[in-house]
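Listing of query-v2.txt, compact mmCIF, C-alpha atoms
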# COMPACT_ATOMS: atom_id res chain seq x y z
CA MET A 1 1.34 -49.83 116.92
CA SER A 2 2.95 -53.21 117.58
CA ASP A 3 4.55 -51.94 120.79
CA PHE A 4 1.51 -50.01 122.02
CA THR A 5 0.77 -50.18 125.74
CA ALA A 6 -1.52 -48.17 127.98
CA ASP A 7 1.54 -46.18 129.06
CA ALA A 8 1.85 -44.84 125.50
CA ILE A 9 -1.44 -42.92 125.75
CA GLY A 10 -0.93 -39.16 125.70
CA ASP A 11 -2.21 -36.65 128.21
CA LEU A 12 -6.03 -36.71 128.37
CA THR A 13 -6.51 -33.90 130.86
CA GLY A 14 -9.69 -32.01 130.04
CA ARG A 15 -11.17 -34.89 128.06
CA ARG A 16 -14.34 -36.62 129.22
CA ALA A 17 -15.02 -40.29 128.49
CA VAL A 18 -18.20 -42.32 128.96
CA ILE A 19 -17.66 -46.09 129.10
CA THR A 20 -20.57 -48.53 129.17
CA GLY A 21 -20.17 -51.74 131.15
CA ALA A 22 -17.23 -50.29 133.04
CA ASN A 23 -17.65 -52.19 136.29
CA SER A 24 -15.48 -55.15 135.22
CA GLY A 25 -13.41 -56.74 132.48
CA LEU A 26 -12.61 -54.74 129.36
CA GLY A 27 -14.65 -51.74 130.46
CA LEU A 28 -12.90 -51.49 133.80
CA GLN A 29 -9.47 -51.81 132.21
CA THR A 30 -10.39 -49.16 129.65
CA ALA A 31 -11.47 -46.85 132.47
CA VAL A 32 -8.20 -47.41 134.32
CA GLY A 33 -6.16 -46.72 131.19
CA LEU A 34 -7.96 -43.46 130.46
CA ALA A 35 -8.13 -42.22 134.06
CA ARG A 36 -4.39 -42.75 134.53
CA LYS A 37 -3.81 -40.27 131.73
CA GLY A 38 -6.02 -37.59 133.24
CA ALA A 39 -9.38 -38.15 131.57
CA HIS A 40 -12.61 -37.51 133.43
CA VAL A 41 -14.14 -40.98 133.26
CA VAL A 42 -17.84 -41.79 133.63
CA LEU A 43 -18.48 -45.43 134.50
CA ALA A 44 -21.88 -46.28 133.03
CA CYS A 45 -22.94 -49.43 134.87
CA ARG A 46 -26.14 -51.45 135.14
CA SER A 47 -25.60 -52.39 138.80
CA GLU A 48 -25.19 -49.45 141.16
CA GLN A 49 -23.44 -51.56 143.80
CA ARG A 50 -20.93 -53.06 141.36
CA GLY A 51 -20.49 -49.66 139.77
CA ARG A 52 -19.65 -48.05 143.12
CA GLU A 53 -17.12 -50.79 143.79
CA ALA A 54 -15.57 -50.21 140.36
CA GLU A 55 -15.46 -46.46 140.96
CA GLN A 56 -13.45 -46.96 144.13
CA LYS A 57 -11.19 -49.47 142.40
CA VAL A 58 -10.39 -47.14 139.50
CA ARG A 59 -9.68 -44.30 141.90
CA ALA A 60 -7.40 -46.51 143.99
CA LEU A 61 -5.50 -47.81 140.95
CA THR A 62 -5.06 -44.44 139.27
CA GLY A 63 -5.05 -41.90 142.08
CA SER A 64 -7.59 -39.91 140.11
CA GLU A 65 -10.63 -38.23 141.60
CA ARG A 66 -12.04 -37.51 138.14
CA VAL A 67 -14.00 -40.76 138.14
CA GLU A 68 -17.75 -41.03 138.58
CA MET A 69 -20.29 -43.80 138.35
CA ARG A 70 -23.76 -43.45 136.86
CA VAL A 71 -26.43 -46.09 136.42
CA LEU A 72 -27.17 -47.19 132.85
CA ASP A 73 -29.09 -50.29 131.83
CA LEU A 74 -28.77 -50.73 128.08
CA ALA A 75 -31.54 -53.33 128.17
CA ASP A 76 -34.03 -50.62 129.18
CA LEU A 77 -34.55 -47.65 126.88
CA ALA A 78 -36.04 -45.63 129.76
CA SER A 79 -32.71 -46.02 131.57
CA VAL A 80 -30.81 -45.02 128.42
CA ARG A 81 -32.93 -41.90 128.02
CA ALA A 82 -32.53 -40.98 131.71
CA PHE A 83 -28.76 -41.39 131.48
CA ALA A 84 -28.55 -39.18 128.39
CA ALA A 85 -30.88 -36.55 129.89
CA GLY A 86 -28.65 -36.36 132.95
CA THR A 87 -25.48 -35.84 130.91
CA ASP A 88 -24.44 -32.19 130.70
CA GLY A 89 -21.59 -30.71 128.74
CA PRO A 90 -19.22 -32.22 126.19
CA VAL A 91 -18.55 -35.92 125.78
CA ASP A 92 -15.20 -36.29 124.04
CA LEU A 93 -15.14 -40.07 123.96
CA LEU A 94 -17.97 -42.60 124.05
CA VAL A 95 -16.92 -46.23 124.42
CA ASN A 96 -19.80 -48.59 123.61
CA ASN A 97 -18.30 -51.52 125.49
CA ALA A 98 -21.04 -53.28 127.47
CA GLY A 99 -22.47 -56.53 126.18
CA VAL A 100 -23.98 -59.90 126.88
CA MET A 101 -23.02 -63.13 125.16
CA ALA A 102 -24.83 -66.36 124.28
CA THR A 103 -27.53 -65.90 126.89
CA PRO A 104 -30.62 -68.09 127.25
CA LYS A 105 -33.57 -66.73 125.29
CA SER A 106 -34.77 -63.57 126.98
CA THR A 107 -35.98 -60.07 126.20
CA THR A 108 -35.14 -56.55 127.27
CA ALA A 109 -37.53 -54.29 129.17
CA ASP A 110 -38.80 -53.10 125.78
CA GLY A 111 -39.36 -56.59 124.40
CA PHE A 112 -36.26 -56.86 122.20
CA GLU A 113 -34.21 -60.05 122.02
CA LEU A 114 -31.72 -59.56 124.85
CA GLN A 115 -28.44 -59.72 122.93
CA PHE A 116 -29.57 -57.62 119.95
CA GLY A 117 -31.37 -55.22 122.27
CA THR A 118 -28.44 -54.76 124.65
CA ASN A 119 -25.41 -55.00 122.39
CA HIS A 120 -26.79 -53.06 119.42
CA LEU A 121 -30.05 -51.21 120.08
CA GLY A 122 -29.05 -49.94 123.52
CA HIS A 123 -25.83 -48.47 122.17
CA PHE A 124 -27.55 -47.14 119.04
CA ALA A 125 -30.01 -45.26 121.26
CA LEU A 126 -27.34 -44.04 123.68
CA THR A 127 -25.11 -42.67 120.94
CA GLY A 128 -27.99 -40.90 119.26
CA LEU A 129 -29.19 -39.36 122.51
CA LEU A 130 -25.67 -38.09 123.28
CA LEU A 131 -25.15 -36.45 119.88
CA GLN A 132 -25.42 -32.93 121.29
CA ASN A 133 -22.82 -33.76 123.93
CA LEU A 134 -20.51 -35.19 121.27
CA HIS A 135 -21.09 -32.13 119.08
CA ALA A 136 -19.94 -29.97 121.98
CA SER A 137 -16.52 -31.65 121.87
CA VAL A 138 -13.57 -30.94 119.60
CA SER A 139 -12.84 -34.05 117.49
CA PRO A 140 -15.00 -36.53 119.44
CA ARG A 141 -14.73 -40.29 119.04
CA VAL A 142 -17.20 -43.13 119.35
CA VAL A 143 -15.59 -46.54 119.85
CA THR A 144 -17.94 -49.49 119.45
CA LEU A 145 -16.89 -52.94 120.62
CA SER A 146 -17.44 -55.86 118.29
CA SER A 147 -16.13 -59.42 118.39
CA LEU A 148 -14.53 -62.15 116.33
CA ALA A 149 -18.04 -63.63 116.38
CA HIS A 150 -19.14 -60.96 113.89
CA LYS A 151 -17.53 -63.09 111.16
CA ARG A 152 -20.40 -65.57 111.39
CA GLY A 153 -23.03 -62.95 112.01
CA ARG A 154 -25.77 -61.98 109.59
CA ILE A 155 -28.69 -59.59 109.98
CA ASP A 156 -31.91 -61.59 109.71
CA PHE A 157 -34.44 -58.89 108.87
CA GLY A 158 -37.14 -61.54 108.69
CA ASP A 159 -36.58 -62.53 112.32
CA LEU A 160 -34.57 -59.70 113.83
CA GLN A 161 -35.74 -60.47 117.36
CA SER A 162 -35.27 -64.28 117.03
CA GLU A 163 -38.97 -64.82 117.70
CA HIS A 164 -39.30 -67.75 115.31
CA ARG A 165 -36.00 -69.44 116.03
CA TYR A 166 -33.52 -68.67 118.78
CA ARG A 167 -29.92 -69.77 118.54
CA ARG A 168 -27.86 -68.12 121.26
CA TRP A 169 -24.63 -67.95 119.27
CA GLY A 170 -26.44 -66.89 116.11
CA ALA A 171 -28.12 -64.07 118.02
CA TYR A 172 -24.78 -63.05 119.49
CA GLY A 173 -23.13 -62.99 116.06
CA GLN A 174 -25.98 -60.89 114.69
CA SER A 175 -25.57 -58.35 117.50
CA LYS A 176 -21.82 -58.11 116.94
CA ILE A 177 -22.00 -57.60 113.19
CA ALA A 178 -24.75 -55.05 113.88
CA ASN A 179 -22.18 -53.15 115.96
CA LEU A 180 -19.94 -52.91 112.91
CA TYR A 181 -22.72 -51.90 110.52
CA PHE A 182 -23.56 -49.16 113.01
CA MET A 183 -19.96 -47.99 113.31
CA VAL A 184 -19.48 -47.78 109.55
CA GLU A 185 -22.81 -46.06 108.89
CA LEU A 186 -22.28 -43.53 111.69
CA ASP A 187 -18.90 -42.70 110.16
CA ARG A 188 -20.44 -42.26 106.70
CA ARG A 189 -23.14 -39.95 108.01
CA ALA A 190 -20.74 -37.85 110.07
CA ARG A 191 -18.45 -37.41 107.06
CA ALA A 192 -21.39 -36.41 104.87
CA THR A 193 -22.21 -33.53 107.21
CA GLY A 194 -18.59 -32.45 107.54
CA TRP A 195 -18.55 -33.33 111.23
CA ASP A 196 -15.14 -34.23 112.66
CA LEU A 197 -16.44 -37.27 114.52
CA ALA A 198 -14.39 -40.45 114.36
CA SER A 199 -16.62 -43.52 114.55
CA VAL A 200 -14.38 -46.55 114.98
CA ALA A 201 -14.54 -50.09 116.34
CA ALA A 202 -12.37 -52.55 118.21
CA HIS A 203 -12.45 -56.13 119.39
CA PRO A 204 -10.44 -57.81 122.18
CA GLY A 205 -9.69 -61.16 120.55
CA LEU A 206 -10.07 -63.83 123.20
CA ALA A 207 -9.95 -62.03 126.52
CA ASP A 208 -10.45 -63.52 129.95
CA THR A 209 -13.52 -61.58 131.16
CA ASN A 210 -16.84 -62.36 132.82
CA LEU A 211 -18.78 -61.99 129.57
CA THR A 212 -19.78 -65.65 129.74
CA ALA A 213 -21.59 -65.04 133.02
CA GLY A 214 -24.91 -65.16 131.18
CA MET A 215 -24.32 -68.73 130.10
CA ARG A 216 -25.98 -71.19 132.46
CA ASN A 217 -24.68 -74.55 131.26
CA PRO A 218 -21.90 -75.61 133.71
CA ALA A 219 -20.41 -78.09 131.24
CA VAL A 220 -20.13 -75.40 128.58
CA LEU A 221 -18.64 -72.98 131.09
CA ASP A 222 -16.04 -75.53 132.20
CA LEU A 223 -15.09 -76.21 128.58
CA LEU A 224 -14.85 -72.52 127.79
CA ALA A 225 -12.84 -71.84 130.92
CA GLY A 226 -10.27 -74.45 129.93
CA ALA A 227 -10.05 -73.16 126.37
CA PHE A 228 -9.77 -69.56 127.50
CA ARG A 229 -6.99 -70.33 129.95
CA PHE A 230 -5.03 -71.88 127.11
CA MET A 231 -5.81 -69.41 124.32
CA SER A 232 -6.84 -66.09 125.83
CA GLN A 233 -5.10 -62.98 127.07
CA SER A 234 -5.85 -60.92 130.15
CA ASP A 235 -8.62 -58.35 130.22
CA ALA A 236 -5.93 -55.64 130.44
CA ALA A 237 -4.37 -56.91 127.20
CA GLY A 238 -7.79 -57.33 125.63
CA ALA A 239 -8.58 -53.68 126.34
CA LEU A 240 -5.57 -52.42 124.37
CA PRO A 241 -7.33 -52.35 120.96
CA THR A 242 -10.07 -50.25 122.56
CA LEU A 243 -7.57 -47.91 124.17
CA TYR A 244 -5.68 -47.55 120.90
CA ALA A 245 -8.89 -46.83 118.95
CA ALA A 246 -9.91 -44.32 121.61
CA THR A 247 -6.67 -42.36 121.90
CA ALA A 248 -4.13 -42.88 119.11
CA PRO A 249 -3.69 -39.71 116.99
CA GLU A 250 -3.52 -41.63 113.71
CA VAL A 251 -6.90 -43.36 114.12
CA LYS A 252 -9.39 -42.50 111.36
CA GLY A 253 -13.14 -42.86 111.18
CA GLY A 254 -14.17 -46.29 109.95
CA ASP A 255 -11.06 -48.01 111.38
CA TYR A 256 -11.36 -51.37 113.13
CA TYR A 257 -8.71 -52.56 115.59
CA GLY A 258 -7.98 -55.95 117.08
CA PRO A 259 -5.07 -58.10 118.32
CA SER A 260 -2.16 -58.76 115.97
CA GLY A 261 -1.56 -62.40 116.90
CA PRO A 262 -2.69 -65.55 115.07
CA GLY A 263 -6.38 -65.39 114.24
CA GLU A 264 -6.61 -62.01 115.97
CA THR A 265 -7.01 -63.87 119.26
CA ARG A 266 -4.26 -62.14 121.22
CA GLY A 267 -1.37 -59.72 120.90
CA ALA A 268 -0.74 -56.00 120.47
CA PRO A 269 -3.43 -53.96 118.68
CA ARG A 270 -3.37 -53.40 114.93
CA LEU A 271 -5.71 -52.35 112.15
CA VAL A 272 -7.84 -55.34 111.13
CA ALA A 273 -10.56 -55.92 108.56
CA PRO A 274 -14.17 -56.94 109.19
CA VAL A 275 -15.86 -59.43 106.90
CA PRO A 276 -16.60 -57.76 103.53
CA ARG A 277 -20.39 -57.75 104.00
CA VAL A 278 -19.99 -55.14 106.74
CA LEU A 279 -19.38 -52.67 103.90
CA ASP A 280 -22.74 -53.43 102.27
CA ARG A 281 -24.37 -49.99 102.39
CA ASP A 282 -27.88 -51.28 101.69
CA ILE A 283 -27.82 -53.56 104.73
CA ALA A 284 -26.27 -50.85 106.91
CA MET A 285 -28.93 -48.32 105.93
CA ARG A 286 -31.75 -50.81 106.35
CA LEU A 287 -30.48 -51.76 109.82
CA TRP A 288 -30.05 -48.08 110.73
CA ASN A 289 -33.61 -47.24 109.69
CA ARG A 290 -35.01 -50.25 111.54
CA SER A 291 -33.04 -49.28 114.65
CA VAL A 292 -34.55 -45.79 114.52
CA GLU A 293 -38.03 -47.33 114.32
CA LEU A 294 -37.40 -49.73 117.21
CA THR A 295 -35.73 -47.27 119.59
CA GLY A 296 -37.51 -44.06 118.61
CA VAL A 297 -34.11 -42.33 118.49
CA ASP A 298 -33.66 -40.27 115.31
CA TYR A 299 -30.18 -38.92 114.63
CA GLY A 300 -31.63 -35.74 113.16
CA ALA A 301 -29.06 -33.97 110.98
CA LEU A 302 -27.12 -37.19 110.38
CA ARG A 303 -29.24 -38.21 107.42
CA ALA A 304 -28.22 -40.81 104.88
CA ALA A 305 -25.90 -39.51 102.19
CA GLY A 306 -25.65 -40.70 98.62
Please re-express this file's structure in structure tokens.
Amino acid sequence: MSDFTADAIGDLTGRRAVITGANSGLGLQTAVGLARKGAHVVLACRSEQRGREAEQKVRALTGSERVEMRVLDLADLASVRAFAAGTDGPVDLLVNNAGVMATPKSTTADGFELQFGTNHLGHFALTGLLLQNLHASVSPRVVTLSSLAHKRGRIDFGDLQSEHRYRRWGAYGQSKIANLYFMVELDRRARATGWDLASVAAHPGLADTNLTAGMRNPAVLDLLAGAFRFMSQSDAAGALPTLYAATAPEVKGGDYYGPSGPGETRGAPRLVAPVPRVLDRDIAMRLWNRSVELTGVDYGALRAAG
């Protein structure tokens, strides 16, 4: 694993991957890595124009024609439902990559706090609505992107939508630990039904992407830019944990991958550990049930197991 590169990925011909937020950064690099190995890659992008540009870029970089762009806005459940309804046939790999970070207080089209609604609820709904497509695959995988920020995240069930108090980094941390609770609970439920679905997670460490575009304070952006130039790795390097989680034969459901360097900030991918509270089943189940209520997406046969 320590010497893993995108070139080490095996032949993916015949496999179909859906990647959210694939128009830039980690998502784009993930798309390039998979398309180069023969996968049919669906770029699920909020902006049609930027998505079309990314589609052409991936095709130019990989020489693959098995690349398509479809519009998906995770901050709008109507868009999520339309995307899922328009998806026919098997989905072998779903990469829940898209996200927003430390944005000013805002809400999604459905009234959810923007970061929780986009990063967690949008992907929760998308995955649930694509269950039939995943079931149609042999040994499907769902890779959900988290962050080092999950370590300070906690689920505030008393103020899940940050209506009483909004702290942009607190809301971000909550959304990122929610991603891990979701990954672990999805894995538990798939195992309980005997389904050969691998639900796993990854994080990029500190990667030089445009994720901070939602932050409007120039002074903060300048400070972050300087810190990132000193500490971060490229988006291509940051995508390696995702690519490993998505393709390596030895990956098992419930695994979490991140960089191997100091503080998991950079370096080759390796198996890492989330904070222990991610394994709290009561919180995971409570969050799952609340997510079903908020999105209206019920995972059907994937009921809670004892």
**Study point:** Answer as a list in words, residues within 10 Å of (-25.5, -37.6, 124.9) using all atoms listed in the file
**Key:** Val18, Val80, Arg81, Phe83, Ala84, Ala85, Gly86, Thr87, Asp88, Gly89, Pro90, Val91, Leu94, Ala125, Leu126, Thr127, Gly128, Leu129, Leu130, Leu131, Gln132, Asn133, Leu134, His135 and Ala136 of chain A
**Study point:** Exercise: region 196-204 of chain A partners within 8 Å, all atoms listed in the file, chain neighbours under 4 positions left out, as a PyMOL selection string
**Key:** chain A and resi 138-148+180+183-184+186-187+190-191+237-242+245+252-259+265-266
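For the residues A:Arg165, A:Tyr181, A:Ala8, A:Leu34, ranking by smallest atom-to-atom distance to His150 (chain A) using only C-alpha atoms places A:Tyr181 first.
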**Study point:** Shell of 6 Å around region 49-59 of chain A, all atoms listed in the file, local chain residues under 3 positions omitted, as a PyMOL selection string
**Key:** chain A and resi 23+32+45+62-64
Practice item. State, in Å with one decimal place, the distance from CA of Arg189 (chain A) to CA of Ala17 (chain A). Key: 22.0 Å
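Proximity ranking of A:Ala78, A:Leu302, A:Gly111, A:Arg270 relative to Ala192 (chain A) places A:Leu302 first, based on all atoms listed in the file.
Minimum atom-to-atom distances from A:Gly21, A:Gly10, A:Gly99, A:Gly153 to Val278 (chain A) were compared using all atoms listed in the file, and the lowest value belongs to A:Gly153.
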Exercise for review: Anything within 10 Å of (-11.9, -38.8, 129.9): list those residues as number ranges by chain, counting only C-alpha atoms and sticking to the file's coordinates.
Suggested key: A: 12-19, 31, 33-42, 66-67, 91-94
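Minimum atom-to-atom distances from A:Glu68, A:Asp76, A:Glu113, A:Glu264 to Arg168 (chain A) were compared using all atoms listed in the file, and the lowest value belongs to A:Glu113.
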Review point. Which value, in Å to one decimal, gives the distance between CA of Leu243 (chain A) and CA of Ile9 (chain A)?
Key: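 Taking CA of Leu243 (chain A) as the start and CA of Ile9 (chain A) as the end point, the length is 8.1 Å.
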Check your understanding: In Å to one decimal, how far is CA of Tyr166 (chain A) from CA of Gln115 (chain A)?
Key ->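 Distance between the two atoms: 11.1 Å.
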Check your understanding: From the list A:Leu121, A:Ala60, A:Met101, A:Leu28, which residue is nearest Leu74 (chain A) when using only C-alpha atoms?
Key ->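 With only C-alpha atoms as the atom set, the closest residue is A:Leu121.
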Write out as AutoDock Vina command-line options an axis-aligned box for region 130-146 of chain A: all of its atoms listed in the file, 3 Å added on each side, centre and edge lengths in Å with one decimal.
--center_x -19.3 --center_y -42.9 --center_z 120.7 --size_x 18.8 --size_y 31.9 --size_z 12.4
**Study point:** Top pick for closest residue to Ala236 (chain A), considering A:Leu72, A:Gly267, A:Leu26, A:Thr5 and counting only C-alpha atoms
**Key:**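 Comparing A:Leu72, A:Gly267, A:Leu26, A:Thr5 against Ala236 (chain A), the winner is A:Leu26.
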